[in-house]
file data_38.cif (mmCIF, C-alpha atoms, pLDDT in the B column; chains and numbers go by the auth columns)
data_model
#
loop_
_atom_site.group_PDB
_atom_site.id
_atom_site.type_symbol
_atom_site.label_atom_id
_atom_site.label_comp_id
_atom_site.label_asym_id
_atom_site.label_seq_id
_atom_site.Cartn_x
_atom_site.Cartn_y
_atom_site.Cartn_z
_atom_site.B_iso_or_equiv
_atom_site.auth_seq_id
_atom_site.auth_asym_id
ATOM 1 C CA MET A 1 100.261 71.081 123.986 51.00 1481 A
ATOM 2 C CA LEU A 2 103.462 73.139 123.775 48.00 1482 A
ATOM 3 C CA ALA A 3 105.513 70.074 124.681 51.00 1483 A
ATOM 4 C CA THR A 4 103.695 68.044 122.010 55.00 1484 A
ATOM 5 C CA LEU A 5 104.429 70.653 119.334 51.00 1485 A
ATOM 6 C CA GLY A 6 108.062 70.792 120.452 50.00 1486 A
ATOM 7 C CA ARG A 7 108.415 67.019 120.062 51.00 1487 A
ATOM 8 C CA ARG A 8 106.788 67.181 116.639 51.00 1488 A
ATOM 9 C CA PHE A 9 109.276 69.840 115.524 45.00 1489 A
ATOM 10 C CA ALA A 10 112.144 67.620 116.683 47.00 1490 A
ATOM 11 C CA THR A 11 110.789 64.563 114.863 49.00 1491 A
ATOM 12 C CA ALA A 12 110.163 66.600 111.712 46.00 1492 A
ATOM 13 C CA GLY A 13 113.811 67.603 111.546 44.00 1493 A
ATOM 14 C CA VAL A 14 113.542 71.119 113.065 43.00 1494 A
ATOM 15 C CA SER A 15 115.680 71.189 116.194 42.00 1495 A
ATOM 16 C CA ASN A 16 114.546 73.208 119.201 42.00 1496 A
ATOM 17 C CA SER A 17 117.837 75.125 119.354 40.00 1497 A
ATOM 18 C CA ARG A 18 117.488 76.239 115.745 43.00 1498 A
ATOM 19 C CA ALA A 19 113.810 77.074 115.944 44.00 1499 A
ATOM 20 C CA PHE A 20 113.677 78.807 119.314 46.00 1500 A
ATOM 21 C CA THR A 21 117.144 79.928 120.446 49.00 1501 A
ATOM 22 C CA ALA A 22 118.936 80.694 117.158 52.00 1502 A
ATOM 23 C CA SER A 23 122.205 81.348 118.963 58.00 1503 A
ATOM 24 C CA ALA A 24 124.937 82.864 116.771 62.00 1504 A
ATOM 25 C CA PRO A 25 128.714 82.581 117.210 63.00 1505 A
ATOM 26 C CA ALA A 26 130.697 85.472 118.611 64.00 1506 A
ATOM 27 C CA GLY A 27 131.450 88.185 116.079 69.00 1507 A
ATOM 28 C CA TYR A 28 128.717 87.057 113.703 75.00 1508 A
ATOM 29 C CA GLN A 29 126.919 89.688 111.592 81.00 1509 A
ATOM 30 C CA SER A 30 123.971 88.994 109.338 86.00 1510 A
ATOM 31 C CA ARG A 31 124.147 89.703 105.627 89.00 1511 A
ATOM 32 C CA LEU A 32 121.695 92.611 105.829 91.00 1512 A
ATOM 33 C CA ASN A 33 123.584 94.126 108.771 90.00 1513 A
ATOM 34 C CA GLN A 34 126.849 94.037 106.845 91.00 1514 A
ATOM 35 C CA PHE A 35 125.159 95.487 103.763 92.00 1515 A
ATOM 36 C CA TYR A 36 123.816 98.433 105.763 91.00 1516 A
ATOM 37 C CA HIS A 37 127.096 99.322 107.484 90.00 1517 A
ATOM 38 C CA ASN A 38 129.318 98.754 104.437 91.00 1518 A
ATOM 39 C CA THR A 39 127.187 100.188 101.620 91.00 1519 A
ATOM 40 C CA LEU A 40 123.745 101.539 102.439 91.00 1520 A
ATOM 41 C CA ARG A 41 124.702 103.927 105.248 89.00 1521 A
ATOM 42 C CA ASP A 42 127.066 105.928 103.033 88.00 1522 A
ATOM 43 C CA ASP A 43 124.514 106.016 100.225 89.00 1523 A
ATOM 44 C CA LEU A 44 121.831 107.358 102.565 89.00 1524 A
ATOM 45 C CA MET A 45 124.166 110.095 103.776 86.00 1525 A
ATOM 46 C CA ILE A 46 124.934 111.188 100.206 87.00 1526 A
ATOM 47 C CA LEU A 47 121.297 111.095 99.064 87.00 1527 A
ATOM 48 C CA GLN A 48 120.144 113.193 102.031 83.00 1528 A
ATOM 49 C CA TYR A 49 123.022 115.652 101.993 82.00 1529 A
ATOM 50 C CA THR A 50 122.100 119.325 101.665 80.00 1530 A
ATOM 51 C CA PRO A 51 124.794 121.911 100.804 81.00 1531 A
ATOM 52 C CA PRO A 52 125.297 124.621 103.465 81.00 1532 A
ATOM 53 C CA ALA A 53 124.257 127.410 101.090 84.00 1533 A
ATOM 54 C CA VAL A 54 120.974 125.704 100.221 81.00 1534 A
ATOM 55 C CA ARG A 55 120.375 124.942 103.893 79.00 1535 A
ATOM 56 C CA ALA A 56 120.969 128.608 104.868 83.00 1536 A
ATOM 57 C CA ARG A 57 118.507 129.843 102.229 86.00 1537 A
ATOM 58 C CA ALA A 58 115.865 127.357 103.402 81.00 1538 A
ATOM 59 C CA GLU A 59 116.296 128.388 107.054 81.00 1539 A
ATOM 60 C CA ALA A 60 116.087 132.058 106.131 84.00 1540 A
ATOM 61 C CA ALA A 61 112.902 131.500 104.129 84.00 1541 A
ATOM 62 C CA GLN A 62 111.386 129.538 107.004 79.00 1542 A
ATOM 63 C CA ALA A 63 112.239 132.275 109.523 80.00 1543 A
ATOM 64 C CA GLU A 64 110.752 134.900 107.218 80.00 1544 A
ATOM 65 C CA ALA A 65 107.554 132.900 106.852 76.00 1545 A
ATOM 66 C CA ILE A 66 107.255 132.516 110.623 72.00 1546 A
ATOM 67 C CA SER A 67 107.742 136.237 111.216 73.00 1547 A
ATOM 68 C CA ALA A 68 105.205 137.107 108.513 68.00 1548 A
ATOM 69 C CA ALA A 69 102.655 134.772 110.063 66.00 1549 A
ATOM 70 C CA ALA A 70 103.270 136.270 113.524 62.00 1550 A
ATOM 71 C CA THR A 71 102.445 139.776 112.319 62.00 1551 A
ATOM 72 C CA GLY A 72 99.270 138.645 110.584 58.00 1552 A
ATOM 73 C CA ALA A 73 95.996 137.413 112.023 58.00 1553 A
ATOM 74 C CA ALA A 74 95.777 135.904 115.498 60.00 1554 A
ATOM 75 C CA PRO A 75 96.387 132.155 115.670 58.00 1555 A
ATOM 76 C CA ASN A 76 93.388 129.871 115.701 59.00 1556 A
ATOM 77 C CA PRO A 77 92.820 128.614 119.291 60.00 1557 A
ATOM 78 C CA LEU A 78 91.344 125.368 117.933 58.00 1558 A
ATOM 79 C CA ARG A 79 94.749 124.387 116.525 56.00 1559 A
ATOM 80 C CA LYS A 80 96.705 124.762 119.779 54.00 1560 A
ATOM 81 C CA HIS A 81 96.414 121.050 120.542 52.00 1561 A
ATOM 82 C CA LYS A 82 98.611 120.267 117.558 53.00 1562 A
ATOM 83 C CA MET A 83 101.555 122.075 119.161 52.00 1563 A
ATOM 84 C CA LYS A 84 101.365 120.077 122.405 55.00 1564 A
ATOM 85 C CA TYR A 85 103.782 117.454 121.099 57.00 1565 A
ATOM 86 C CA PRO A 86 106.008 119.211 118.535 63.00 1566 A
ATOM 87 C CA ARG A 87 107.653 117.043 115.917 66.00 1567 A
ATOM 88 C CA PRO A 88 111.437 116.657 116.162 68.00 1568 A
ATOM 89 C CA GLN A 89 113.533 118.789 113.875 73.00 1569 A
ATOM 90 C CA VAL A 90 115.157 117.170 110.864 74.00 1570 A
ATOM 91 C CA PRO A 91 118.892 116.853 111.639 72.00 1571 A
ATOM 92 C CA HIS A 92 121.554 117.712 109.114 73.00 1572 A
ATOM 93 C CA SER A 93 122.790 114.694 107.194 72.00 1573 A
ATOM 94 C CA THR A 94 126.186 113.520 108.433 72.00 1574 A
ATOM 95 C CA ALA A 95 128.105 110.252 108.577 68.00 1575 A
ATOM 96 C CA HIS A 96 126.953 109.697 112.174 77.00 1576 A
ATOM 97 C CA ASN A 97 123.177 110.257 111.973 82.00 1577 A
ATOM 98 C CA ALA A 98 122.191 108.204 108.928 87.00 1578 A
ATOM 99 C CA PRO A 99 118.795 106.541 109.590 90.00 1579 A
ATOM 100 C CA PHE A 100 118.810 102.921 110.674 92.00 1580 A
ATOM 101 C CA VAL A 101 116.331 100.358 111.963 94.00 1581 A
ATOM 102 C CA LYS A 102 116.044 100.417 115.761 93.00 1582 A
ATOM 103 C CA LYS A 103 113.524 97.688 116.492 95.00 1583 A
ATOM 104 C CA VAL A 104 111.144 95.290 114.751 95.00 1584 A
ATOM 105 C CA THR A 105 107.970 94.076 116.475 95.00 1585 A
ATOM 106 C CA VAL A 106 106.115 91.033 115.132 95.00 1586 A
ATOM 107 C CA HIS A 107 102.560 90.959 116.470 94.00 1587 A
ATOM 108 C CA ILE A 108 99.671 88.486 116.194 92.00 1588 A
ATOM 109 C CA ARG A 109 96.170 89.252 117.462 90.00 1589 A
ATOM 110 C CA CYS A 110 94.124 86.064 117.841 87.00 1590 A
ATOM 111 C CA ARG A 111 90.349 86.520 117.856 84.00 1591 A
ATOM 112 C CA GLU A 112 89.823 82.817 118.457 84.00 1592 A
ATOM 113 C CA ALA A 113 91.383 83.235 121.906 82.00 1593 A
ATOM 114 C CA LEU A 114 88.134 84.867 123.034 82.00 1594 A
ATOM 115 C CA GLN A 115 86.323 81.514 122.755 83.00 1595 A
ATOM 116 C CA ASN A 116 89.229 79.370 123.965 83.00 1596 A
ATOM 117 C CA ARG A 117 92.446 80.783 125.353 83.00 1597 A
ATOM 118 C CA HIS A 118 94.360 77.670 124.271 85.00 1598 A
ATOM 119 C CA ASN A 119 94.003 78.870 120.660 85.00 1599 A
ATOM 120 C CA LEU A 120 96.663 81.461 121.461 89.00 1600 A
ATOM 121 C CA LEU A 121 99.270 78.685 121.751 89.00 1601 A
ATOM 122 C CA SER A 122 99.396 78.375 117.965 89.00 1602 A
ATOM 123 C CA ALA A 123 100.240 82.088 117.654 90.00 1603 A
ATOM 124 C CA LEU A 124 102.952 81.805 120.309 91.00 1604 A
ATOM 125 C CA MET A 125 104.553 78.802 118.605 91.00 1605 A
ATOM 126 C CA ALA A 126 104.327 80.401 115.145 91.00 1606 A
ATOM 127 C CA LEU A 127 106.136 83.520 116.342 92.00 1607 A
ATOM 128 C CA GLN A 128 108.852 81.410 117.944 92.00 1608 A
ATOM 129 C CA VAL A 129 109.377 79.477 114.721 92.00 1609 A
ATOM 130 C CA ILE A 130 109.633 82.445 112.327 92.00 1610 A
ATOM 131 C CA THR A 131 111.630 84.754 114.621 92.00 1611 A
ATOM 132 C CA GLY A 132 113.737 82.330 116.664 90.00 1612 A
ATOM 133 C CA ARG A 133 112.800 84.059 119.932 92.00 1613 A
ATOM 134 C CA ARG A 134 110.264 83.210 122.606 92.00 1614 A
ATOM 135 C CA ALA A 135 107.037 85.175 122.174 91.00 1615 A
ATOM 136 C CA GLN A 136 105.396 87.311 124.844 91.00 1616 A
ATOM 137 C CA MET A 137 101.699 86.897 125.611 90.00 1617 A
ATOM 138 C CA LEU A 138 99.602 90.074 125.743 89.00 1618 A
ATOM 139 C CA ARG A 139 96.489 90.521 127.860 87.00 1619 A
ATOM 140 C CA ALA A 140 93.581 92.902 127.416 84.00 1620 A
ATOM 141 C CA LYS A 141 93.971 96.201 129.278 84.00 1621 A
ATOM 142 C CA SER A 142 90.258 97.056 129.387 84.00 1622 A
ATOM 143 C CA ASP A 143 86.817 95.539 128.936 80.00 1623 A
ATOM 144 C CA ALA A 144 84.967 95.469 125.609 80.00 1624 A
ATOM 145 C CA ALA A 145 81.418 94.177 125.931 77.00 1625 A
ATOM 146 C CA PRO A 146 80.608 93.968 122.163 77.00 1626 A
ATOM 147 C CA TRP A 147 83.500 91.503 121.692 75.00 1627 A
ATOM 148 C CA LYS A 148 82.941 89.711 125.030 77.00 1628 A
ATOM 149 C CA LEU A 149 86.408 90.812 126.083 78.00 1629 A
ATOM 150 C CA ARG A 150 87.287 91.180 129.745 81.00 1630 A
ATOM 151 C CA LYS A 151 90.299 92.833 131.281 85.00 1631 A
ATOM 152 C CA GLY A 152 93.183 90.419 131.738 83.00 1632 A
ATOM 153 C CA MET A 153 92.157 87.922 129.056 83.00 1633 A
ATOM 154 C CA PRO A 154 95.006 86.691 126.777 84.00 1634 A
ATOM 155 C CA ILE A 155 94.337 88.113 123.343 87.00 1635 A
ATOM 156 C CA ALA A 156 97.631 88.558 121.427 89.00 1636 A
ATOM 157 C CA ALA A 157 101.327 87.700 121.235 92.00 1637 A
ATOM 158 C CA LYS A 158 104.391 89.654 120.137 93.00 1638 A
ATOM 159 C CA VAL A 159 108.145 89.409 119.704 95.00 1639 A
ATOM 160 C CA GLU A 160 110.527 92.384 119.761 95.00 1640 A
ATOM 161 C CA LEU A 161 113.733 91.962 117.756 94.00 1641 A
ATOM 162 C CA GLU A 162 116.915 94.012 117.858 93.00 1642 A
ATOM 163 C CA GLY A 163 120.432 93.672 116.514 90.00 1643 A
ATOM 164 C CA ASP A 164 121.368 90.723 114.309 91.00 1644 A
ATOM 165 C CA ASP A 165 118.131 88.880 115.119 92.00 1645 A
ATOM 166 C CA MET A 166 116.226 91.818 113.669 94.00 1646 A
ATOM 167 C CA TYR A 167 118.318 91.901 110.486 94.00 1647 A
ATOM 168 C CA GLU A 168 117.994 88.134 110.055 93.00 1648 A
ATOM 169 C CA PHE A 169 114.207 88.373 110.224 94.00 1649 A
ATOM 170 C CA LEU A 170 114.064 91.342 107.856 94.00 1650 A
ATOM 171 C CA ASP A 171 116.343 89.529 105.419 93.00 1651 A
ATOM 172 C CA LYS A 172 113.981 86.540 105.322 93.00 1652 A
ATOM 173 C CA LEU A 173 110.946 88.791 105.020 93.00 1653 A
ATOM 174 C CA PHE A 174 112.300 90.974 102.199 93.00 1654 A
ATOM 175 C CA GLU A 175 114.261 88.383 100.206 92.00 1655 A
ATOM 176 C CA VAL A 176 112.138 85.237 100.617 92.00 1656 A
ATOM 177 C CA VAL A 177 108.598 85.981 101.781 93.00 1657 A
ATOM 178 C CA LEU A 178 107.702 89.114 99.816 92.00 1658 A
ATOM 179 C CA PRO A 179 108.900 87.765 96.421 90.00 1659 A
ATOM 180 C CA ARG A 180 106.823 84.611 96.963 91.00 1660 A
ATOM 181 C CA MET A 181 103.622 86.633 97.444 90.00 1661 A
ATOM 182 C CA LYS A 182 101.839 86.657 94.113 84.00 1662 A
ATOM 183 C CA GLU A 183 99.562 89.637 94.702 81.00 1663 A
ATOM 184 C CA TYR A 184 101.928 91.882 96.659 84.00 1664 A
ATOM 185 C CA THR A 185 102.800 95.021 94.704 83.00 1665 A
ATOM 186 C CA GLY A 186 104.561 96.993 97.449 85.00 1666 A
ATOM 187 C CA MET A 187 103.929 99.583 100.123 87.00 1667 A
ATOM 188 C CA ARG A 188 102.084 102.737 99.267 86.00 1668 A
ATOM 189 C CA MET A 189 103.900 106.052 99.330 86.00 1669 A
ATOM 190 C CA SER A 190 101.380 107.348 101.859 85.00 1670 A
ATOM 191 C CA ASP A 191 102.144 104.611 104.408 88.00 1671 A
ATOM 192 C CA GLY A 192 103.909 105.470 107.642 87.00 1672 A
ATOM 193 C CA ASP A 193 103.200 107.295 110.876 87.00 1673 A
ATOM 194 C CA GLY A 194 104.884 110.540 109.797 85.00 1674 A
ATOM 195 C CA ASN A 195 107.957 109.990 111.992 85.00 1675 A
ATOM 196 C CA GLY A 196 109.764 107.342 109.964 86.00 1676 A
ATOM 197 C CA SER A 197 108.115 104.146 111.280 91.00 1677 A
ATOM 198 C CA PHE A 198 106.129 101.707 109.149 93.00 1678 A
ATOM 199 C CA THR A 199 103.833 98.723 109.689 93.00 1679 A
ATOM 200 C CA LEU A 200 103.190 95.850 107.274 92.00 1680 A
ATOM 201 C CA GLY A 201 100.133 93.630 107.687 92.00 1681 A
ATOM 202 C CA PHE A 202 99.838 90.112 106.275 92.00 1682 A
ATOM 203 C CA ASP A 203 97.044 87.530 106.183 90.00 1683 A
ATOM 204 C CA SER A 204 97.186 83.958 107.423 88.00 1684 A
ATOM 205 C CA SER A 205 98.506 82.550 104.128 88.00 1685 A
ATOM 206 C CA VAL A 206 101.776 84.513 104.289 92.00 1686 A
ATOM 207 C CA ILE A 207 103.127 82.981 107.483 91.00 1687 A
ATOM 208 C CA GLY A 208 103.495 79.654 105.687 89.00 1688 A
ATOM 209 C CA LEU A 209 105.966 81.229 103.221 91.00 1689 A
ATOM 210 C CA PHE A 210 108.743 81.421 105.825 92.00 1690 A
ATOM 211 C CA PRO A 211 111.339 78.676 105.330 90.00 1691 A
ATOM 212 C CA GLU A 212 110.994 77.506 108.947 90.00 1692 A
ATOM 213 C CA MET A 213 107.236 77.065 108.578 89.00 1693 A
ATOM 214 C CA GLU A 214 107.209 74.985 105.393 85.00 1694 A
ATOM 215 C CA MET A 215 107.658 71.564 106.996 83.00 1695 A
ATOM 216 C CA ALA A 216 105.766 72.438 110.212 85.00 1696 A
ATOM 217 C CA TYR A 217 102.809 74.318 108.716 86.00 1697 A
ATOM 218 C CA ASP A 218 100.397 71.373 108.887 85.00 1698 A
ATOM 219 C CA MET A 219 101.157 70.802 112.567 87.00 1699 A
ATOM 220 C CA PHE A 220 99.508 74.062 113.632 88.00 1700 A
ATOM 221 C CA PRO A 221 95.785 73.673 114.372 86.00 1701 A
ATOM 222 C CA LEU A 222 95.207 77.403 113.867 88.00 1702 A
ATOM 223 C CA VAL A 223 97.070 79.879 111.648 88.00 1703 A
ATOM 224 C CA THR A 224 96.353 83.613 111.798 89.00 1704 A
ATOM 225 C CA GLY A 225 97.680 86.758 110.166 90.00 1705 A
ATOM 226 C CA PHE A 226 100.422 88.900 111.629 93.00 1706 A
ATOM 227 C CA SER A 227 101.829 92.414 111.436 94.00 1707 A
ATOM 228 C CA VAL A 228 105.408 93.681 111.371 95.00 1708 A
ATOM 229 C CA SER A 229 106.169 97.126 112.833 95.00 1709 A
ATOM 230 C CA ILE A 230 109.517 98.632 111.794 95.00 1710 A
ATOM 231 C CA SER A 231 110.819 101.468 113.986 94.00 1711 A
ATOM 232 C CA THR A 232 113.598 103.590 112.506 93.00 1712 A
ATOM 233 C CA THR A 233 115.608 106.593 113.649 91.00 1713 A
ATOM 234 C CA ALA A 234 114.338 108.649 110.716 90.00 1714 A
ATOM 235 C CA THR A 235 112.408 111.781 111.706 87.00 1715 A
ATOM 236 C CA ARG A 236 110.203 111.902 108.602 87.00 1716 A
ATOM 237 C CA ASN A 237 108.577 109.388 106.274 89.00 1717 A
ATOM 238 C CA PRO A 238 110.736 110.205 103.195 89.00 1718 A
ATOM 239 C CA ALA A 239 113.922 109.274 105.064 90.00 1719 A
ATOM 240 C CA GLY A 240 112.269 106.096 106.362 91.00 1720 A
ATOM 241 C CA ARG A 241 111.100 105.142 102.868 92.00 1721 A
ATOM 242 C CA LEU A 242 114.609 105.709 101.529 91.00 1722 A
ATOM 243 C CA LEU A 243 116.008 103.376 104.190 93.00 1723 A
ATOM 244 C CA LEU A 244 113.457 100.607 103.633 93.00 1724 A
ATOM 245 C CA SER A 245 113.810 100.891 99.870 92.00 1725 A
ATOM 246 C CA GLY A 246 117.556 100.350 100.233 92.00 1726 A
ATOM 247 C CA LEU A 247 116.913 97.294 102.403 92.00 1727 A
ATOM 248 C CA GLY A 248 114.679 95.747 99.734 90.00 1728 A
ATOM 249 C CA VAL A 249 111.103 96.874 100.415 90.00 1729 A
ATOM 250 C CA PRO A 250 109.204 97.676 97.192 88.00 1730 A
ATOM 251 C CA PHE A 251 107.120 100.856 97.107 87.00 1731 A
ATOM 252 C CA LEU A 252 104.139 101.412 94.847 82.00 1732 A
ATOM 253 C CA HIS A 253 104.201 104.783 93.120 74.00 1733 A
ATOM 254 C CA ALA A 254 100.832 106.280 92.292 66.00 1734 A
ATOM 255 C CA ARG A 255 100.387 106.700 88.567 66.00 1735 A
ATOM 256 C CA LYS A 256 98.066 109.165 86.964 64.00 1736 A
ATOM 257 C CA PRO A 257 95.407 107.632 84.727 61.00 1737 A
ATOM 258 C CA GLN A 258 96.246 107.875 81.063 63.00 1738 A
ATOM 259 C CA THR A 259 93.935 110.071 79.031 63.00 1739 A
ATOM 260 C CA ASN A 260 93.444 109.892 75.307 60.00 1740 A
ATOM 261 C CA GLU A 261 93.903 113.486 74.145 57.00 1741 A
ATOM 262 C CA LEU A 262 92.969 112.617 70.588 50.00 1742 A
ATOM 263 C CA ALA A 263 89.509 111.428 71.564 50.00 1743 A
ATOM 264 C CA LEU A 264 86.731 113.792 70.644 44.00 1744 A
#
call {"tool": "encode", "arguments": {"input": "data_38.cif", "output": "structure tokens"}}
result
Amino acid sequence: MLATLGRRFATAGVSNSRAFTASAPAGYQSRLNQFYHNTLRDDLMILQYTPPAVRARAEAAQAEAISAAATGAAPNPLRKHKMKYPRPQVPHSTAHNAPFVKKVTVHIRCREALQNRHNLLSALMALQVITGRRAQMLRAKSDAAPWKLRKGMPIAAKVELEGDDMYEFLDKLFEVVLPRMKEYTGMRMSDGDGNGSFTLGFDSSVIGLFPEMEMAYDMFPLVTGFSVSISTTATRNPAGRLLLSGLGVPFLHARKPQTNELAL
């Protein structure tokens, strides 16, 4: 079936080298990569810069609060588990530690593969088309009787992108796919894992908005939703949001409901 889909892509005008290898010439840099290194990185450093005097006052206030808490009541033993994996400290903003995107993971979980494992081929081919890299098949690590899932069954597919391939995919996602979504308003301010990484989930209708999928969409017998996980070097969510906002991700700010003060 994979060979049949490959021949159909070739006859439809989508070459295998363009859809699956996406090789770039030496010295090539994507538009989003150049934008980050030439413009956005300096802006992030300036926006996150803290003067030394303000930083010293904040550190002194934090040390005073810690000493005051140590002399007070005994710590709650039920909260010790939260200190097992301490969060990394926020580094001082310099020209060398501006946050950047480390890795992008595109993931598809196919429920239909539980009935027939050949249904996962559509997810593998779809990931190869939209990312330009060969997808990796994922198998179940444990049994789940309610879903009739056994250990070792193929259940999902993923692609990990780094470097220019990552920036090329993010450029398509932010500049082409998201603006074509009619009901997408942006990410919520509360999204994120707390350490500067974010995940975007999309339904099955969004994968057809990629330029590479337009002419080959009808050739796929099964189309599913996908998720995009963006890992950054930011240590907190605000720095990660600032980076993604500069790259073109819209964020939805919560607005307070308007009240009519003149109403009796």
call {"tool": "closest_residue", "arguments": {"input": "data_38.cif", "among": "A:Pro1659, A:Gly1672, A:Gly1688, A:Gly1666", "to": "Phe1700 (chain A)", "atoms": "all atoms listed in the file"}}
result
A:Gly1688
call {"tool": "resolve_selection", "arguments": {"input": "data_38.cif", "expression": "the PyMOL selection byres ((chain A and resi 1648) around 10)", "output": "ChimeraX atom specification"}}
result
/A:1509-1513,1611-1612,1641-1647,1649-1653
call {"tool": "resolve_selection", "arguments": {"input": "data_38.cif", "expression": "the PyMOL selection byres ((chain A and resi 1568-1583) around 10)", "output": "MDAnalysis selection string"}}
result
chainID A and resid 1516:1517 1520:1532 1535 1565:1567 1584:1585 1640:1643 1646:1647 1675:1677 1709:1716 1719:1720 1722:1724
call {"tool": "atom_distance", "arguments": {"input": "data_38.cif", "atom1": "CA of Arg1614 (chain A)", "atom2": "CA of Lys1638 (chain A)"}}
result
9.1 Å
call {"tool": "atom_distance", "arguments": {"input": "data_38.cif", "atom1": "CA of Lys1628 (chain A)", "atom2": "CA of Phe1706 (chain A)"}}
result
22.0 Å
call {"tool": "closest_residue", "arguments": {"input": "data_38.cif", "among": "A:Ile1588, A:Ala1543, A:Ala1538, A:Val1686", "to": "Ala1637 (chain A)", "atoms": "all atoms listed in the file"}}
result
A:Ile1588
call {"tool": "atom_distance", "arguments": {"input": "data_38.cif", "atom1": "CA of Leu1594 (chain A)", "atom2": "CA of Pro1701 (chain A)"}}
result
16.1 Å
call {"tool": "closest_residue", "arguments": {"input": "data_38.cif", "among": "A:Asp1683, A:Asp1698, A:Asp1671, A:Glu1539", "to": "Ser1602 (chain A)", "atoms": "only C-alpha atoms"}}
result
A:Asp1698
call {"tool": "residues_around", "arguments": {"input": "data_38.cif", "residues": "Val1708 (chain A)", "least_positions_apart": "5", "cutoff": "9 Å", "atoms": "only C-alpha atoms", "output": "list in words"}}
result
Val1584, Thr1585, Val1586, His1587, Phe1678, Thr1679, Leu1680, Gly1681 and Phe1682 of chain A
call {"tool": "closest_residue", "arguments": {"input": "data_38.cif", "among": "A:Val1729, A:Val1639, A:Val1703, A:Met1669", "to": "Asn1599 (chain A)", "atoms": "only C-alpha atoms"}}
result
A:Val1703
